[in-house]
Structures are given as structure tokens and as C-alpha cells.
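Text of coords.tsv (TSV, C-alpha atoms) as supplied:
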chain	number	residue	atom	x	y	z
A	12	MET	CA	88.85	106.08	236.97
A	13	THR	CA	87.78	104.43	233.71
A	14	GLU	CA	85.41	106.56	231.66
A	15	PRO	CA	82.34	105.14	229.89
A	16	VAL	CA	82.69	104.15	226.26
A	17	LEU	CA	79.15	105.31	225.56
A	18	ARG	CA	76.58	107.30	227.50
A	19	LEU	CA	73.03	108.17	226.49
A	20	GLU	CA	71.09	110.77	228.46
A	21	GLY	CA	67.37	111.44	228.12
A	22	ILE	CA	66.96	110.21	224.55
A	23	VAL	CA	63.50	110.96	223.14
A	24	LYS	CA	62.34	110.02	219.65
A	25	THR	CA	58.87	110.70	218.35
A	26	PHE	CA	57.09	109.90	215.13
A	27	PRO	CA	53.65	111.20	214.12
A	28	GLY	CA	51.33	109.94	216.86
A	29	VAL	CA	53.99	107.74	218.49
A	30	ARG	CA	56.58	108.38	221.22
A	31	ALA	CA	58.98	105.57	220.33
A	32	LEU	CA	61.67	106.45	222.91
A	33	ASP	CA	60.84	108.20	226.17
A	34	ASP	CA	63.77	109.52	228.23
A	35	VAL	CA	66.15	106.61	227.58
A	36	SER	CA	69.45	106.76	229.50
A	37	PHE	CA	72.20	104.21	230.00
A	38	THR	CA	75.94	103.97	230.39
A	39	VAL	CA	78.32	101.34	229.03
A	40	MET	CA	81.82	100.77	230.41
A	41	PRO	CA	84.75	99.28	228.45
A	42	GLY	CA	84.48	95.52	228.00
A	43	GLU	CA	80.83	95.30	229.01
A	44	VAL	CA	78.30	93.30	227.00
A	45	HIS	CA	74.65	94.30	227.18
A	46	ALA	CA	71.44	92.70	225.93
A	47	LEU	CA	68.61	95.02	224.95
A	48	MET	CA	65.34	93.13	225.27
A	49	GLY	CA	61.67	93.93	224.85
A	50	GLU	CA	58.49	93.10	223.00
A	51	ASN	CA	57.90	94.12	219.39
A	52	GLY	CA	57.29	97.85	219.29
A	53	ALA	CA	59.20	98.53	222.51
A	54	GLY	CA	61.67	100.81	220.71
A	55	LYS	CA	64.73	98.57	220.37
A	56	SER	CA	65.18	99.16	216.66
A	57	THR	CA	64.57	102.88	217.03
A	58	LEU	CA	67.25	103.20	219.69
A	59	MET	CA	69.75	101.29	217.54
A	60	LYS	CA	68.92	103.56	214.59
A	61	VAL	CA	69.53	106.63	216.76
A	62	LEU	CA	72.94	105.22	217.69
A	63	GLY	CA	73.64	104.41	214.06
A	64	GLY	CA	72.74	107.86	212.76
A	65	ILE	CA	69.67	106.72	210.82
A	66	HIS	CA	67.31	108.65	213.12
A	67	GLN	CA	68.03	111.90	214.95
A	68	PRO	CA	66.69	112.15	218.53
A	69	ASN	CA	64.17	114.88	219.31
A	70	GLU	CA	65.71	115.32	222.74
A	71	GLY	CA	68.70	114.02	224.69
A	72	HIS	CA	72.44	113.66	224.31
A	73	ILE	CA	74.95	110.99	223.22
A	74	TYR	CA	78.47	110.96	224.64
A	75	MET	CA	81.50	108.90	223.67
A	76	GLY	CA	84.04	109.32	226.42
A	77	ASP	CA	83.77	112.93	227.56
A	78	ASP	CA	82.70	114.21	224.15
A	79	GLU	CA	79.13	114.83	223.13
A	80	VAL	CA	78.59	113.49	219.61
A	81	VAL	CA	75.94	113.84	216.92
A	82	MET	CA	75.46	110.90	214.58
A	83	ALA	CA	74.54	112.73	211.39
A	84	GLY	CA	74.38	109.49	209.39
A	85	PRO	CA	75.57	105.86	209.28
A	86	LEU	CA	78.97	106.73	207.81
A	87	GLU	CA	79.62	109.26	210.55
A	88	ALA	CA	78.53	106.76	213.21
A	89	LYS	CA	80.97	104.21	211.78
A	90	ALA	CA	83.74	106.81	211.68
A	91	LYS	CA	83.14	107.42	215.39
A	92	GLY	CA	83.47	103.68	216.09
A	93	ILE	CA	79.83	102.49	216.09
A	94	VAL	CA	79.75	99.26	214.08
A	95	PHE	CA	76.59	97.25	213.32
A	96	ILE	CA	76.37	93.55	212.54
A	97	HIS	CA	72.91	93.05	211.11
A	98	GLN	CA	70.79	89.91	211.20
A	99	GLU	CA	70.72	89.99	207.39
A	100	LEU	CA	74.42	89.57	206.59
A	101	SER	CA	75.80	91.74	203.78
A	102	LEU	CA	78.46	89.43	202.38
A	103	ALA	CA	79.43	88.51	198.82
A	104	GLU	CA	79.31	84.71	198.96
A	105	GLU	CA	81.41	84.14	195.83
A	106	LEU	CA	84.32	86.21	197.17
A	107	SER	CA	86.95	85.14	199.68
A	108	VAL	CA	86.90	86.03	203.35
A	109	ALA	CA	89.71	88.53	202.78
A	110	GLU	CA	87.94	90.23	199.90
A	111	ASN	CA	84.75	90.56	201.96
A	112	ILE	CA	86.53	92.01	204.97
A	113	TYR	CA	88.42	94.64	202.97
A	114	LEU	CA	85.90	95.18	200.19
A	115	GLY	CA	86.39	98.73	198.91
A	116	GLU	CA	89.64	99.07	200.85
A	117	LEU	CA	91.85	96.41	199.26
A	118	PRO	CA	95.59	97.10	199.75
A	119	ARG	CA	97.23	98.14	196.51
A	120	LYS	CA	100.62	97.94	194.84
A	121	SER	CA	101.87	100.25	192.13
A	122	PHE	CA	99.56	100.84	189.16
A	123	GLY	CA	96.54	99.95	191.32
A	124	ARG	CA	97.22	96.22	191.46
A	125	VAL	CA	95.80	94.40	194.50
A	126	ASP	CA	98.48	93.37	196.99
A	127	TRP	CA	97.16	89.87	197.60
A	128	THR	CA	99.99	88.91	199.97
A	129	THR	CA	99.39	91.88	202.27
A	130	LEU	CA	95.64	91.31	202.06
A	131	ALA	CA	95.99	87.70	203.23
A	132	GLU	CA	98.43	88.62	206.01
A	133	LYS	CA	96.18	91.38	207.38
A	134	THR	CA	93.12	89.14	207.19
A	135	ASN	CA	94.72	86.15	208.88
A	136	ALA	CA	96.00	88.39	211.69
A	137	ILE	CA	92.42	89.45	212.42
A	138	LEU	CA	91.04	85.91	212.10
A	139	LYS	CA	93.66	84.71	214.60
A	140	LYS	CA	92.16	87.07	217.20
A	141	LEU	CA	88.77	85.44	216.64
A	142	ASN	CA	90.19	81.89	216.87
A	143	VAL	CA	88.19	80.69	213.86
A	144	GLY	CA	88.78	77.59	211.77
A	145	PHE	CA	89.02	79.21	208.34
A	146	ASN	CA	91.49	81.52	206.62
A	147	ALA	CA	91.72	84.52	204.31
A	148	HIS	CA	91.30	82.44	201.15
A	149	THR	CA	88.12	80.58	202.21
A	150	ARG	CA	85.09	81.31	200.04
A	151	VAL	CA	82.45	82.96	202.21
A	152	GLY	CA	79.63	80.95	200.63
A	153	SER	CA	81.16	77.75	202.00
A	154	LEU	CA	80.92	78.95	205.62
A	155	SER	CA	78.14	78.31	208.11
A	156	ILE	CA	75.95	81.25	209.18
A	157	ALA	CA	77.86	81.44	212.48
A	158	ASN	CA	81.19	81.68	210.68
A	159	GLN	CA	79.79	84.25	208.28
A	160	GLN	CA	78.96	86.33	211.35
A	161	MET	CA	82.60	85.92	212.36
A	162	VAL	CA	83.52	87.49	209.02
A	163	GLU	CA	81.24	90.43	209.81
A	164	ILE	CA	82.91	90.74	213.23
A	165	ALA	CA	86.31	90.65	211.53
A	166	ARG	CA	85.18	93.62	209.44
A	167	ALA	CA	84.59	95.52	212.67
A	168	LEU	CA	88.16	94.85	213.74
A	169	THR	CA	89.52	96.66	210.67
A	170	VAL	CA	88.35	99.95	212.16
A	171	ASP	CA	88.78	101.43	215.63
A	172	ALA	CA	85.48	99.98	216.85
A	173	LYS	CA	84.29	101.43	220.14
A	174	ALA	CA	80.91	99.70	220.00
A	175	VAL	CA	79.82	96.60	218.12
A	176	ILE	CA	76.06	96.19	217.97
A	177	PHE	CA	74.53	92.85	217.02
A	178	ASP	CA	70.99	92.76	215.66
A	179	GLU	CA	69.32	89.56	216.93
A	180	PRO	CA	72.58	87.65	216.40
A	181	THR	CA	71.26	84.18	217.32
A	182	ALA	CA	68.08	84.27	215.22
A	183	SER	CA	69.49	82.07	212.44
A	184	LEU	CA	71.97	80.00	214.44
A	185	THR	CA	71.89	76.43	215.68
A	186	ASP	CA	72.50	75.77	219.38
A	187	ALA	CA	76.12	74.80	218.66
A	188	GLU	CA	76.69	77.94	216.59
A	189	LYS	CA	75.25	80.08	219.39
A	190	VAL	CA	77.91	78.73	221.73
A	191	VAL	CA	80.64	79.70	219.24
A	192	LEU	CA	79.27	83.23	218.91
A	193	PHE	CA	78.92	83.73	222.67
A	194	ASP	CA	82.46	82.48	223.21
A	195	VAL	CA	83.78	85.10	220.80
A	196	ILE	CA	81.72	87.90	222.35
A	197	SER	CA	82.80	87.00	225.89
A	198	ASP	CA	86.48	86.46	225.01
A	199	PRO	CA	88.56	89.03	226.97
A	200	ALA	CA	90.77	89.64	223.94
A	201	MET	CA	87.69	90.43	221.87
A	202	SER	CA	86.36	92.78	224.55
A	203	ARG	CA	89.62	94.69	224.66
A	204	THR	CA	89.52	95.16	220.92
A	205	THR	CA	85.89	96.07	220.40
A	206	ARG	CA	85.22	97.42	223.89
A	207	TRP	CA	81.58	96.28	224.14
A	208	GLY	CA	78.61	94.98	222.28
A	209	ILE	CA	74.86	95.33	222.41
A	210	SER	CA	72.72	92.40	221.39
A	211	ARG	CA	69.22	93.43	220.34
A	212	SER	CA	66.90	90.57	221.22
A	213	LYS	CA	63.20	89.91	221.19
A	214	CYS	CA	61.42	89.24	224.46
A	215	VAL	CA	58.52	86.87	223.98
A	216	ALA	CA	55.94	86.65	226.76

I'd like the structure from this file rewritten - as C-alpha cells, please.
Amino acid sequence: MTEPVLRLEGIVKTFPGVRALDDVSFTVMPGEVHALMGENGAGKSTLMKVLGGIHQPNEGHIYMGDDEVVMAGPLEAKAKGIVFIHQELSLAEELSVAENIYLGELPRKSFGRVDWTTLAEKTNAILKKLNVGFNAHTRVGSLSIANQQMVEIARALTVDAKAVIFDEPTASLTDAEKVVLFDVISDPAMSRTTRWGISRSKCVA
């Protein structure tokens, strides 16, 4: 029997005078895609911050597989495979796609020189999985917002991502770009690599 990728049980988060999360529980299986929806103030951001290690829950438990985990901070959450793609993209527009994807982790030769050939090969291998129309050498600033999100997704594929969480991913996209993004998220090959994704969306009455 396949075990859940992620399981939350009875998550409670309070702030002075506010109970932001009240006994939140859900389970996500490998390959599933979920949309978390609600009005402003419903607790969507708070729940994502609990998953990302920014907030610690007052009550409840988080499990990845059979193991209970504590997200002590964003770096620990990432190390455990929780990857966020924020609405405000954190890309260096003047750098290439490859440099953005491996920023801070560029492959090196002797004497600390960047191994540009290996960098391009590794980047293009990831981009091939995403079936995008640009390559490792493309300047990020020349890409559409949708393709810049693909670069952020490619970053997630450089680690052993168990969960990829999108923060209002369609907010800045055209209708055509939304189709591209949804195709990537629903692609079976993408699901096998990243396991699942949560899209945090607004629900407007």
C-alpha cells in the first residue's frame, strides 16, 4: 500500500487574540495535486508557513511518510523536501537560466573555476523534463512570467522535492500562460518527480 507523502493531524496555530488554524488535518498521496482555497484571513498563508517552518504549530503533528517531522525553519523544511514557489519570483533577471537554477551551488572545476559545460548539461536535462522552449543559456529577464515560474520549478527539481507548494501561481499570468503552467503541474512525469503540489488560491465570493 502506498504511504502518504505528507500528513497533517490536528494542526492548531494561535496568535494573540486570533486562532488562525483550528484542528487542521489532511493527507496527500504521491502524485496528487491539491488546491487550498478560502477567503482572506481563512488561514491559508499561516498553514503554508507552518509547513515551511516559518511558524511553529501550537498543537498537532506533521508526518512525511511514517516519520513525524518538525520544521524548525525554512532551510530545514527545504532539506526535508518542502519547496515553495512564491508569487513574487526571486530570480536574478540579468543572469542565465542555468545560473539562476544553481545559484550558490554552481559546479566547479579545479581552483574554484565554474564548470560551465557541466552546468549547462545539468540545466538542460532538467528543462527537458519540463518541456520548455528555452535553454540553459537564456537570460531570465527575457522570459515571460510563466516561463520564469518554470525556472523556479526547475530549481525544485535540483533537490529531492517531496512537496512543491505554489503561492497563487496564476495571479500574474495570462490565460495562455495559465494553460502552460497547468500542463506542467498535471504532467505525469512532473508528478513522479515532485510527488505533489499545493496551489494556494484566493476564493472570492

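Restricting the calculation to all atoms listed in the file, the smallest distance between A:Ala172 and any of A:Val16, A:Leu106, A:Glu43, A:Ser101 is found for A:Val16.
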
*Which of these residues is nearest to A:Gly42, using only C-alpha atoms: A:Lys173, A:Ala136, A:Gly28, A:Ser56?*
A:Lys173

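Between A:Ser36 and the candidates A:Gly76, A:Gly21, A:Gly49, A:Pro85, the tightest atom-to-atom separation, counting all atoms listed in the file, involves A:Gly21.
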
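Closest approach to A:Leu17 from the set A:Tyr74, A:Ile93, A:Leu32, A:Trp127 is made by A:Tyr74, with distances taken over only C-alpha atoms.
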
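Across the model, the gap from atom CA of A:Leu141 to atom CA of A:Ala167 is 11.6 Å.
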
*Write out as number ranges by chain which residues come within 10 Å of A:Leu138 when counting all atoms listed in the file, dropping same-chain ones fewer than 2 positions away.*
A: 108-109, 132-136, 140-147, 161-162, 164-165, 168

*If we count all atoms listed in the file, what is near A:Gly152 at a cut-off of 9 Å, once residues fewer than 2 positions away on the same chain are taken out, given as JSON, numbers by chain?*
{"A": [102, 103, 104, 105, 106, 107, 149, 150, 154, 155, 159]}

Starting from the incomplete input, reconstruct N, CA and C atoms of stretch 28-44 of chain A and write that as a CSV table (one decimal), in the coordinates of the input.
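Okay, result-v1.csv is ready:
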chain,number,residue,atom,x,y,z
A,28,GLY,N,52.3,110.7,216.0
A,28,GLY,CA,51.3,109.9,216.9
A,28,GLY,C,52.0,108.9,217.7
A,29,VAL,N,53.3,108.8,217.7
A,29,VAL,CA,54.0,107.7,218.5
A,29,VAL,C,55.2,108.3,219.2
A,30,ARG,N,55.4,108.0,220.5
A,30,ARG,CA,56.6,108.4,221.2
A,30,ARG,C,57.4,107.1,221.4
A,31,ALA,N,58.3,106.9,220.4
A,31,ALA,CA,59.0,105.6,220.3
A,31,ALA,C,60.0,105.4,221.4
A,32,LEU,N,60.7,106.5,221.8
A,32,LEU,CA,61.7,106.4,222.9
A,32,LEU,C,61.3,107.6,223.9
A,33,ASP,N,61.3,107.2,225.2
A,33,ASP,CA,60.8,108.2,226.2
A,33,ASP,C,61.9,108.3,227.3
A,34,ASP,N,62.8,109.2,227.2
A,34,ASP,CA,63.8,109.5,228.2
A,34,ASP,C,64.7,108.3,228.5
A,35,VAL,N,65.3,107.8,227.5
A,35,VAL,CA,66.2,106.6,227.6
A,35,VAL,C,67.6,107.1,228.0
A,36,SER,N,68.1,106.5,229.0
A,36,SER,CA,69.4,106.8,229.5
A,36,SER,C,70.1,105.5,229.9
A,37,PHE,N,71.4,105.3,229.5
A,37,PHE,CA,72.2,104.2,230.0
A,37,PHE,C,73.7,104.5,229.7
A,38,THR,N,74.5,103.8,230.5
A,38,THR,CA,75.9,104.0,230.4
A,38,THR,C,76.6,102.6,230.2
A,39,VAL,N,77.6,102.6,229.3
A,39,VAL,CA,78.3,101.3,229.0
A,39,VAL,C,79.8,101.6,229.3
A,40,MET,N,80.4,100.7,230.1
A,40,MET,CA,81.8,100.8,230.4
A,40,MET,C,82.6,99.9,229.5
A,41,PRO,N,83.9,100.1,229.3
A,41,PRO,CA,84.8,99.3,228.4
A,41,PRO,C,84.7,97.8,228.8
A,42,GLY,N,84.5,97.0,227.8
A,42,GLY,CA,84.5,95.5,228.0
A,42,GLY,C,83.1,94.9,228.4
A,43,GLU,N,82.1,95.8,228.6
A,43,GLU,CA,80.8,95.3,229.0
A,43,GLU,C,80.1,94.8,227.8
A,44,VAL,N,79.2,93.8,228.0
A,44,VAL,CA,78.3,93.3,227.0
A,44,VAL,C,76.9,93.4,227.5
